[in-house]
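Shown here: my_file36.txt, compact mmCIF, C-alpha atoms.
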# COMPACT_ATOMS: atom_id res chain seq x y z
CA MET V 4 36.22 21.55 -55.68
CA GLY V 5 39.90 22.47 -55.30
CA MET V 6 41.95 21.44 -52.32
CA THR V 7 41.94 24.97 -50.86
CA LYS V 8 38.16 25.18 -51.00
CA LYS V 9 37.84 21.74 -49.39
CA VAL V 10 40.11 22.80 -46.53
CA ILE V 11 38.09 25.99 -46.02
CA ALA V 12 34.81 24.07 -46.14
CA CYS V 13 36.07 21.54 -43.59
CA GLY V 14 37.25 24.36 -41.35
CA VAL V 15 33.88 26.10 -41.52
CA LEU V 16 32.06 22.84 -40.74
CA ALA V 17 34.39 22.17 -37.81
CA LEU V 18 33.81 25.68 -36.46
CA LEU V 19 30.04 25.35 -36.78
CA GLY V 20 30.18 21.99 -35.07
CA TYR V 21 32.24 23.43 -32.25
CA LEU V 22 29.89 26.38 -31.74
CA ALA V 23 26.82 24.15 -31.82
CA TRP V 24 27.83 21.06 -29.84
CA TRP V 25 31.10 21.41 -27.93
CA PRO V 26 30.42 20.62 -24.23
CA VAL V 27 30.32 23.64 -21.92
CA ASP V 28 30.12 24.01 -18.13
CA ILE V 29 27.03 26.21 -18.09
CA ASP V 30 23.38 25.19 -17.98
CA PRO V 31 21.33 28.25 -18.94
CA LYS V 32 17.58 28.00 -18.38
CA GLY V 33 16.65 31.22 -20.15
CA TRP V 34 15.38 34.50 -18.70
CA THR V 35 13.52 37.36 -20.37
CA PRO V 36 14.76 40.74 -19.11
CA PRO V 37 12.30 43.61 -18.77
CA PRO V 38 12.35 45.99 -21.74
CA MET V 39 14.91 48.73 -21.27
CA ALA V 40 13.37 52.00 -20.16
CA ASP V 41 13.83 55.07 -22.31
CA ALA V 42 17.29 56.56 -21.84
CA ARG V 43 17.46 59.54 -19.52
CA PRO V 44 19.93 62.39 -19.86
CA PRO V 45 22.49 62.52 -17.02
CA THR V 46 22.01 65.09 -14.28
CA GLY V 47 25.75 65.58 -13.81
CA SER V 48 29.21 64.60 -15.00
CA LEU V 49 31.95 62.39 -13.58
CA ALA V 50 34.63 63.79 -15.87
CA SER V 51 36.36 65.66 -13.04
CA ILE V 52 37.22 62.61 -10.92
CA GLU V 53 40.63 63.02 -9.29
CA LYS V 54 42.83 59.92 -9.33
CA ILE V 55 44.21 58.77 -5.96
CA GLY V 56 47.21 56.43 -5.84
CA LEU V 57 47.50 56.20 -9.62
CA ASN V 58 49.41 53.02 -10.54
CA GLU V 59 49.92 52.09 -6.89
CA GLY V 60 47.97 48.92 -7.66
CA GLN V 61 45.39 47.45 -10.01
CA GLY V 62 41.67 47.35 -9.39
CA PRO V 63 40.81 48.78 -5.95
CA GLU V 64 37.28 47.39 -6.28
CA GLY V 65 35.57 48.27 -3.02
CA VAL V 66 36.46 51.53 -1.26
CA SER V 67 35.56 52.31 2.37
CA LEU V 68 36.48 55.05 4.87
CA ASP V 69 37.06 55.30 8.59
CA ALA V 70 36.02 58.12 10.94
CA LEU V 71 39.18 60.08 10.09
CA GLY V 72 38.43 59.97 6.36
CA ARG V 73 41.22 57.51 5.55
CA LEU V 74 40.56 55.32 2.51
CA TYR V 75 40.67 51.51 2.42
CA ALA V 76 40.73 49.17 -0.57
CA GLY V 77 42.15 45.90 -1.87
CA TYR V 78 44.22 45.35 -5.01
CA ALA V 79 44.30 42.54 -7.56
CA ASP V 80 47.62 41.33 -6.13
CA GLY V 81 46.00 40.62 -2.74
CA ARG V 82 47.13 43.72 -0.84
CA VAL V 83 44.76 45.55 1.48
CA VAL V 84 45.85 49.18 1.80
CA ARG V 85 45.01 52.42 3.56
CA PHE V 86 45.44 55.88 2.09
CA ALA V 87 45.72 59.03 4.18
CA ALA V 88 42.65 61.25 4.04
CA ASP V 89 44.41 63.55 1.58
CA GLY V 90 45.30 60.57 -0.61
CA ARG V 91 49.02 61.37 -0.64
CA THR V 92 50.43 58.45 1.32
CA VAL V 93 49.56 54.76 1.39
CA GLU V 94 50.40 51.87 3.71
CA LYS V 95 49.96 48.14 3.31
CA LEU V 96 47.76 46.61 6.00
CA GLY V 97 47.85 42.99 4.94
CA GLN V 98 48.14 40.45 2.13
CA THR V 99 45.18 38.09 1.70
CA GLY V 100 46.75 35.85 -0.93
CA GLY V 101 43.49 36.10 -2.85
CA ARG V 102 41.49 38.87 -4.49
CA PRO V 103 40.06 41.38 -1.98
CA TRP V 104 36.90 43.03 -3.28
CA GLY V 105 34.56 44.64 -0.75
CA THR V 106 36.04 46.34 2.33
CA PHE V 107 34.50 47.76 5.50
CA ALA V 108 36.77 49.68 7.86
CA SER V 109 36.07 50.09 11.57
CA ALA V 110 35.61 53.67 12.73
CA ASP V 111 39.08 53.75 14.30
CA GLY V 112 40.74 51.92 11.40
CA HIS V 113 42.09 49.17 13.65
CA SER V 114 40.38 46.45 11.63
CA VAL V 115 39.07 46.00 8.12
CA LEU V 116 36.52 43.42 7.05
CA VAL V 117 37.31 42.08 3.59
CA ALA V 118 35.12 40.16 1.19
CA ASP V 119 37.82 38.27 -0.69
CA ALA V 120 36.57 36.68 -3.90
CA VAL V 121 38.96 33.76 -3.46
CA LYS V 122 39.54 33.38 0.28
CA GLY V 123 36.11 34.19 1.75
CA LEU V 124 35.17 36.55 4.59
CA LEU V 125 38.33 37.93 6.21
CA GLU V 126 39.41 40.44 8.84
CA VAL V 127 42.67 42.40 8.58
CA SER V 128 44.03 43.80 11.83
CA GLY V 129 47.51 44.54 13.18
CA GLY V 130 49.12 43.32 9.99
CA GLN V 131 47.45 39.92 10.32
CA VAL V 132 44.78 38.38 8.10
CA ARG V 133 42.21 36.21 9.85
CA THR V 134 39.67 34.00 8.08
CA LEU V 135 36.17 34.40 9.52
CA ALA V 136 34.16 32.17 7.17
CA THR V 137 34.53 30.18 3.97
CA ASP V 138 31.16 28.43 3.66
CA ALA V 139 27.50 28.53 4.65
CA GLN V 140 25.33 25.48 5.27
CA GLY V 141 28.06 23.28 3.84
CA VAL V 142 28.35 25.21 0.57
CA ARG V 143 31.66 26.99 0.06
CA PHE V 144 31.82 30.58 -1.11
CA LYS V 145 33.08 30.82 -4.66
CA LEU V 146 32.98 34.60 -5.13
CA THR V 147 32.72 36.55 -1.85
CA ASP V 148 31.82 40.06 -2.95
CA ASP V 149 30.85 42.80 -0.48
CA VAL V 150 30.53 43.29 3.27
CA VAL V 151 28.99 45.63 5.86
CA ARG V 152 28.82 45.58 9.67
CA THR V 153 26.15 46.83 12.06
CA SER V 154 26.82 49.01 15.10
CA GLN V 155 26.35 45.85 17.23
CA GLY V 156 28.98 43.91 15.26
CA THR V 157 26.83 41.61 13.11
CA VAL V 158 28.34 41.19 9.66
CA TYR V 159 26.34 40.95 6.44
CA PHE V 160 28.02 39.95 3.21
CA THR V 161 27.40 38.46 -0.22
CA ASP V 162 28.63 35.42 -2.09
CA ALA V 163 28.15 36.41 -5.72
CA SER V 164 28.18 32.79 -6.84
CA SER V 165 28.23 29.41 -5.13
CA LYS V 166 29.03 27.73 -8.47
CA PHE V 167 31.59 29.74 -10.44
CA GLY V 168 34.85 31.21 -9.13
CA ILE V 169 36.82 34.28 -10.08
CA ASP V 170 38.28 32.63 -13.19
CA GLN V 171 34.78 31.80 -14.47
CA MET V 172 32.85 35.01 -13.88
CA MET V 173 31.54 35.13 -17.45
CA ALA V 174 30.04 31.67 -16.96
CA ASP V 175 27.59 33.19 -14.49
CA VAL V 176 26.68 35.87 -17.03
CA PHE V 177 25.83 33.35 -19.74
CA GLU V 178 24.18 30.82 -17.45
CA HIS V 179 22.19 33.43 -15.52
CA GLY V 180 21.94 30.91 -12.73
CA PRO V 181 20.49 31.47 -9.24
CA ASN V 182 23.85 30.98 -7.53
CA GLY V 183 24.18 34.12 -5.37
CA ARG V 184 23.50 34.48 -1.64
CA LEU V 185 23.06 37.15 1.02
CA LEU V 186 24.70 35.97 4.26
CA ARG V 187 25.00 36.90 7.93
CA TYR V 188 28.02 36.22 10.14
CA ASP V 189 27.61 36.27 13.93
CA PRO V 190 31.01 37.10 15.51
CA ALA V 191 29.94 35.60 18.85
CA THR V 192 28.95 32.17 17.55
CA LYS V 193 31.07 32.21 14.34
CA LYS V 194 27.94 30.96 12.56
CA VAL V 195 26.95 31.94 9.02
CA ASP V 196 23.26 32.04 8.06
CA VAL V 197 21.77 32.34 4.59
CA LEU V 198 19.24 35.18 4.45
CA MET V 199 18.58 35.11 0.71
CA ASP V 200 19.58 32.67 -2.01
CA GLY V 201 18.72 32.20 -5.66
CA LEU V 202 20.22 35.57 -6.59
CA HIS V 203 21.68 36.06 -10.06
CA VAL V 204 25.05 37.38 -8.86
CA ALA V 205 24.65 38.82 -5.38
CA ASN V 206 26.80 41.93 -5.29
CA GLY V 207 26.87 45.10 -3.17
CA VAL V 208 25.24 45.23 0.26
CA THR V 209 24.53 48.15 2.59
CA LEU V 210 22.50 48.96 5.70
CA GLY V 211 19.58 51.36 5.51
CA PRO V 212 18.58 54.09 7.99
CA GLY V 213 18.54 52.92 11.60
CA GLU V 214 19.83 49.53 10.45
CA GLN V 215 16.22 48.59 9.78
CA TYR V 216 17.00 46.83 6.52
CA LEU V 217 19.65 45.80 4.03
CA LEU V 218 19.86 46.58 0.35
CA VAL V 219 21.53 43.97 -1.85
CA CYS V 220 22.28 44.24 -5.57
CA GLU V 221 21.30 41.44 -7.95
CA THR V 222 23.64 42.32 -10.78
CA LEU V 223 22.47 40.08 -13.60
CA SER V 224 18.79 40.89 -13.03
CA TYR V 225 19.35 44.67 -13.09
CA ARG V 226 17.76 45.25 -9.68
CA VAL V 227 18.24 45.94 -5.98
CA TRP V 228 16.43 44.06 -3.19
CA ARG V 229 15.48 45.24 0.28
CA PHE V 230 15.73 42.68 3.10
CA TRP V 231 14.08 43.77 6.33
CA LEU V 232 16.01 43.25 9.58
CA ALA V 233 13.55 44.86 12.02
CA GLY V 234 9.92 45.85 12.38
CA PRO V 235 6.80 44.01 11.21
CA LYS V 236 8.45 42.99 7.93
CA ALA V 237 11.56 41.49 9.55
CA GLY V 238 12.84 38.51 7.59
CA THR V 239 10.99 39.43 4.39
CA LYS V 240 12.27 40.83 1.12
CA GLU V 241 10.98 43.13 -1.60
CA ILE V 242 12.31 44.76 -4.74
CA PHE V 243 13.70 48.23 -3.98
CA ILE V 244 14.39 49.26 -7.59
CA ASP V 245 14.07 47.24 -10.80
CA ASN V 246 14.92 47.49 -14.49
CA LEU V 247 18.11 49.49 -13.97
CA PRO V 248 19.93 50.86 -17.04
CA GLY V 249 23.08 48.89 -16.21
CA PHE V 250 24.65 46.18 -14.07
CA PRO V 251 24.41 47.24 -10.40
CA ASP V 252 27.63 46.65 -8.48
CA ASN V 253 28.26 48.05 -4.97
CA ILE V 254 25.83 50.27 -3.09
CA SER V 255 26.26 52.49 -0.01
CA PHE V 256 24.07 54.57 2.33
CA ASN V 257 25.08 58.22 2.62
CA GLY V 258 23.95 58.39 6.26
CA ARG V 259 21.06 60.73 5.61
CA ASP V 260 18.75 60.76 2.63
CA GLY V 261 19.72 58.12 0.12
CA PHE V 262 22.01 55.57 -1.43
CA TRP V 263 24.76 55.68 -4.03
CA LEU V 264 24.76 52.87 -6.56
CA ALA V 265 27.65 52.04 -8.91
CA LEU V 266 26.77 50.65 -12.34
CA PHE V 267 29.55 48.46 -13.72
CA ALA V 268 28.45 48.88 -17.35
CA PRO V 269 25.36 49.74 -19.37
CA ARG V 270 22.97 46.98 -20.32
CA ASP V 271 23.83 45.26 -23.59
CA PRO V 272 20.89 44.88 -26.04
CA VAL V 273 22.57 41.86 -27.64
CA LEU V 274 22.91 40.07 -24.29
CA ASP V 275 19.30 40.92 -23.43
CA LYS V 276 18.19 39.24 -26.67
CA LEU V 277 20.33 36.16 -25.95
CA LEU V 278 19.21 35.65 -22.35
CA PRO V 279 15.81 34.05 -23.18
CA ARG V 280 17.51 31.59 -25.59
CA PRO V 281 19.59 28.92 -23.79
CA ALA V 282 20.92 27.31 -26.98
CA LEU V 283 22.24 30.63 -28.29
CA LEU V 284 23.76 31.42 -24.90
CA LYS V 285 25.80 28.22 -25.16
CA VAL V 286 26.92 29.18 -28.67
CA ALA V 287 27.97 32.63 -27.46
CA TYR V 288 29.82 31.11 -24.49
CA ARG V 289 31.85 28.88 -26.82
CA ILE V 290 33.24 31.94 -28.59
CA PRO V 291 36.72 32.71 -27.16
CA GLU V 292 36.44 35.49 -24.59
CA ALA V 293 38.87 37.71 -26.50
CA LEU V 294 36.49 37.66 -29.48
CA ARG V 295 33.29 38.40 -27.56
CA PRO V 296 31.89 41.95 -27.46
CA GLN V 297 33.29 43.78 -24.43
CA ALA V 298 31.39 45.83 -21.86
CA LYS V 299 31.36 49.54 -22.65
CA LYS V 300 33.67 51.68 -20.50
CA VAL V 301 31.24 54.13 -18.96
CA ALA V 302 31.64 55.74 -15.55
CA HIS V 303 28.11 55.72 -14.12
CA VAL V 304 26.62 56.13 -10.64
CA LEU V 305 23.07 56.77 -9.46
CA LYS V 306 21.75 58.34 -6.29
CA LEU V 307 18.57 56.69 -5.01
CA ASP V 308 16.25 58.21 -2.44
CA LEU V 309 14.92 56.22 0.50
CA GLN V 310 11.99 54.99 -1.62
CA GLY V 311 14.21 53.70 -4.45
CA ALA V 312 13.65 56.54 -6.91
CA ILE V 313 16.59 57.86 -8.96
CA VAL V 314 17.34 61.43 -7.90
CA ALA V 315 20.79 61.90 -9.48
CA ASP V 316 22.44 60.29 -12.52
CA LEU V 317 26.16 61.02 -12.96
CA ARG V 318 28.13 59.75 -15.96
CA ASP V 319 31.24 60.04 -18.08
CA ASP V 320 31.59 58.07 -21.31
CA GLY V 321 34.70 59.88 -22.56
CA PRO V 322 37.89 58.05 -23.55
CA GLN V 323 39.61 59.00 -20.25
CA ALA V 324 36.66 58.05 -18.03
CA PHE V 325 37.33 56.53 -14.61
CA ALA V 326 35.62 53.27 -15.57
CA PRO V 327 34.26 50.88 -14.68
CA ILE V 328 33.11 52.23 -11.33
CA THR V 329 32.34 49.38 -8.95
CA SER V 330 31.89 51.25 -5.65
CA VAL V 331 30.94 54.75 -4.58
CA ARG V 332 30.67 56.37 -1.15
CA GLU V 333 29.75 59.86 0.00
CA ARG V 334 31.53 61.69 2.82
CA ASP V 335 31.64 65.37 3.79
CA GLY V 336 30.68 66.77 0.42
CA MET V 337 32.85 64.37 -1.57
CA LEU V 338 32.26 61.20 -3.56
CA TYR V 339 34.84 58.41 -3.45
CA PHE V 340 35.08 55.71 -6.11
CA GLY V 341 36.55 52.24 -6.50
CA SER V 342 37.08 50.23 -9.67
CA ILE V 343 37.70 46.56 -10.32
CA GLU V 344 39.97 47.46 -13.27
CA TYR V 345 41.23 51.05 -13.02
CA PRO V 346 44.69 51.48 -11.41
CA ALA V 347 43.53 54.15 -8.93
CA LEU V 348 40.85 55.23 -6.51
CA GLY V 349 38.76 58.24 -7.43
CA ARG V 350 37.45 61.35 -5.68
CA MET V 351 35.39 64.39 -6.65
CA PRO V 352 33.19 67.00 -5.00
CA LEU V 353 29.48 66.40 -5.07
CA PRO V 354 28.01 68.14 -8.10
CA GLY V 355 25.84 71.17 -7.53
CA GLY V 356 22.27 70.28 -6.67
CA VAL V 357 23.21 67.04 -4.88
CA ALA V 358 22.98 67.54 -1.10
CA THR V 359 25.84 66.44 1.12
CA GLY V 360 25.59 63.55 3.53
CA MET V 361 27.11 62.80 6.91
CA ALA V 362 29.51 60.06 7.89
CA GLN V 363 28.35 56.73 9.25
CA LYS V 364 29.45 56.12 12.82
CA ASP V 365 31.12 52.76 12.20
CA GLY V 366 33.36 53.58 9.26
CA GLY V 367 32.60 51.97 5.92
CA GLY V 368 30.83 55.06 4.63
Let's see the structure in the file written out as structure tokens.
Amino acid sequence: MGMTKKVIACGVLALLGYLAWWPVDIDPKGWTPPPMADARPPTGSLASIEKIGLNEGQGPEGVSLDALGRLYAGYADGRVVRFAADGRTVEKLGQTGGRPWGTFASADGHSVLVADAVKGLLEVSGGQVRTLATDAQGVRFKLTDDVVRTSQGTVYFTDASSKFGIDQMMADVFEHGPNGRLLRYDPATKKVDVLMDGLHVANGVTLGPGEQYLLVCETLSYRVWRFWLAGPKAGTKEIFIDNLPGFPDNISFNGRDGFWLALFAPRDPVLDKLLPRPALLKVAYRIPEALRPQAKKVAHVLKLDLQGAIVADLRDDGPQAFAPITSVRERDGMLYFGSIEYPALGRMPLPGGVATGMAQKDGGG
């Protein structure tokens, strides 16, 4: 064998050894996803989304509104901002020094709750940023994700992962570990309680009609849970919708007849085949991130009725799509969109055939 062939052979062996045995910081146990349901045609298009604040900042992940229709979001550089209702002007409300994701504005806009992926549960008011909570039961938040507040002031929020931080988000994907939590913050006692744990990336959270229950997205299991707050089922949980066609991100109640759910990306058949095989998941995780297959850029939101059935399916998979969509809210005949990557907020009229909703009383909707 010539020298060149020996070098190539040694390189191949080294690569195989690296992929097979190099230590990694994940411990996948294996999970078999449900078979993907047959693809449905969309019921409407998202191709007409208007861009708000284009290039004002990167990745306004979680959009919320106050009673005047002003828009709130946080950028990748740590800014929390407010846009006028017409989207033409913007003002900086605060700088978290982290990565603000979910936002929930008070009805009057005087304060904004922020789920900051790095800093924890925050409140922005009067130009100041105040930390409300950074841990629950002695376990620090690693990836605070979304937040909602009741009419009585109780705050519910999610910690997507108690193990991996913002610089290791793909580790959660490959490990598929039960690291996510649904949490409650009591502003009177400053206490944080864990309502649900063991979630495979706890993501969006919203209140249901009459604040009787919460819905919380479990992103890596393709489903949404319902956690009851009142009535005979109080304190119990049940699956609201399962086997979704993509990764559920944020979810919001339209104040009347249903919920809007943002899908970050479609399910990946290759990932679904890897998930039951821990050894192969470790091999895939060792591949440099730049060389791994990337999530498809598809703008996709679903409307769910109050029983968890899909009643509208809006998409855009074109090259100029506003994608990925990570939050969606309905207000006065319009849909508003946030994105963890796109350099703008989005807005478009509700498509024909989708009934309008009314505003929530305490902002955030």
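With only C-alpha atoms as the basis for measurement, V:Pro327 is the residue among V:Gly168, V:Gly72, V:Gly201, V:Pro327 that approaches V:Pro346 most closely.
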Subject >> atom CA of V:Gln171 to atom CA of V:Thr35, straight-line distance in Å >> reply: 22.8 Å
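Closest approach to V:Thr329 among V:Ala233, V:Val115, V:Val66, V:Val314 is made by V:Val66 (distances from only C-alpha atoms).
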Shell of 6 Å around stretch 300-307 of chain V, all atoms listed in the file, local chain residues under 3 positions omitted, as a CSV table (one decimal) with C-alpha atoms, in the coordinates of the input:
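Output contents, as saved in result18.csv:
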chain,number,residue,atom,x,y,z
V,261,GLY,CA,19.7,58.1,0.1
V,262,PHE,CA,22.0,55.6,-1.4
V,263,TRP,CA,24.8,55.7,-4.0
V,264,LEU,CA,24.8,52.9,-6.6
V,265,ALA,CA,27.6,52.0,-8.9
V,266,LEU,CA,26.8,50.6,-12.3
V,311,GLY,CA,14.2,53.7,-4.4
V,312,ALA,CA,13.6,56.5,-6.9
V,313,ILE,CA,16.6,57.9,-9.0
V,314,VAL,CA,17.3,61.4,-7.9
V,315,ALA,CA,20.8,61.9,-9.5
V,316,ASP,CA,22.4,60.3,-12.5
V,317,LEU,CA,26.2,61.0,-13.0
V,318,ARG,CA,28.1,59.8,-16.0
V,319,ASP,CA,31.2,60.0,-18.1
V,320,ASP,CA,31.6,58.1,-21.3
V,325,PHE,CA,37.3,56.5,-14.6
V,326,ALA,CA,35.6,53.3,-15.6
V,327,PRO,CA,34.3,50.9,-14.7
V,328,ILE,CA,33.1,52.2,-11.3
Original post:
Could you pull the residues within 10 Å of stretch 238-240 of chain V, counting all atoms listed in the file, minus those fewer than 3 positions along the same chain, as a list of chain:residue names?
Top reply: V:Leu198, V:Met199, V:Tyr216, V:Leu217, V:Leu218, V:Trp228, V:Arg229, V:Phe230, V:Trp231, V:Leu232, V:Ala233, V:Gly234, V:Pro235, V:Phe243
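For the atom pair formed by atom CA of V:Pro352 and atom CA of V:Pro44, the distance is 20.4 Å, given to one decimal.
As for atom CA of V:Tyr75 and atom CA of V:Ala205, they are spaced 21.9 Å apart.
Here the question is which of V:Lys95, V:Lys145, V:Arg295, V:Arg332 gets nearest to V:Ser255 using all atoms listed in the file, and that residue is V:Arg332.
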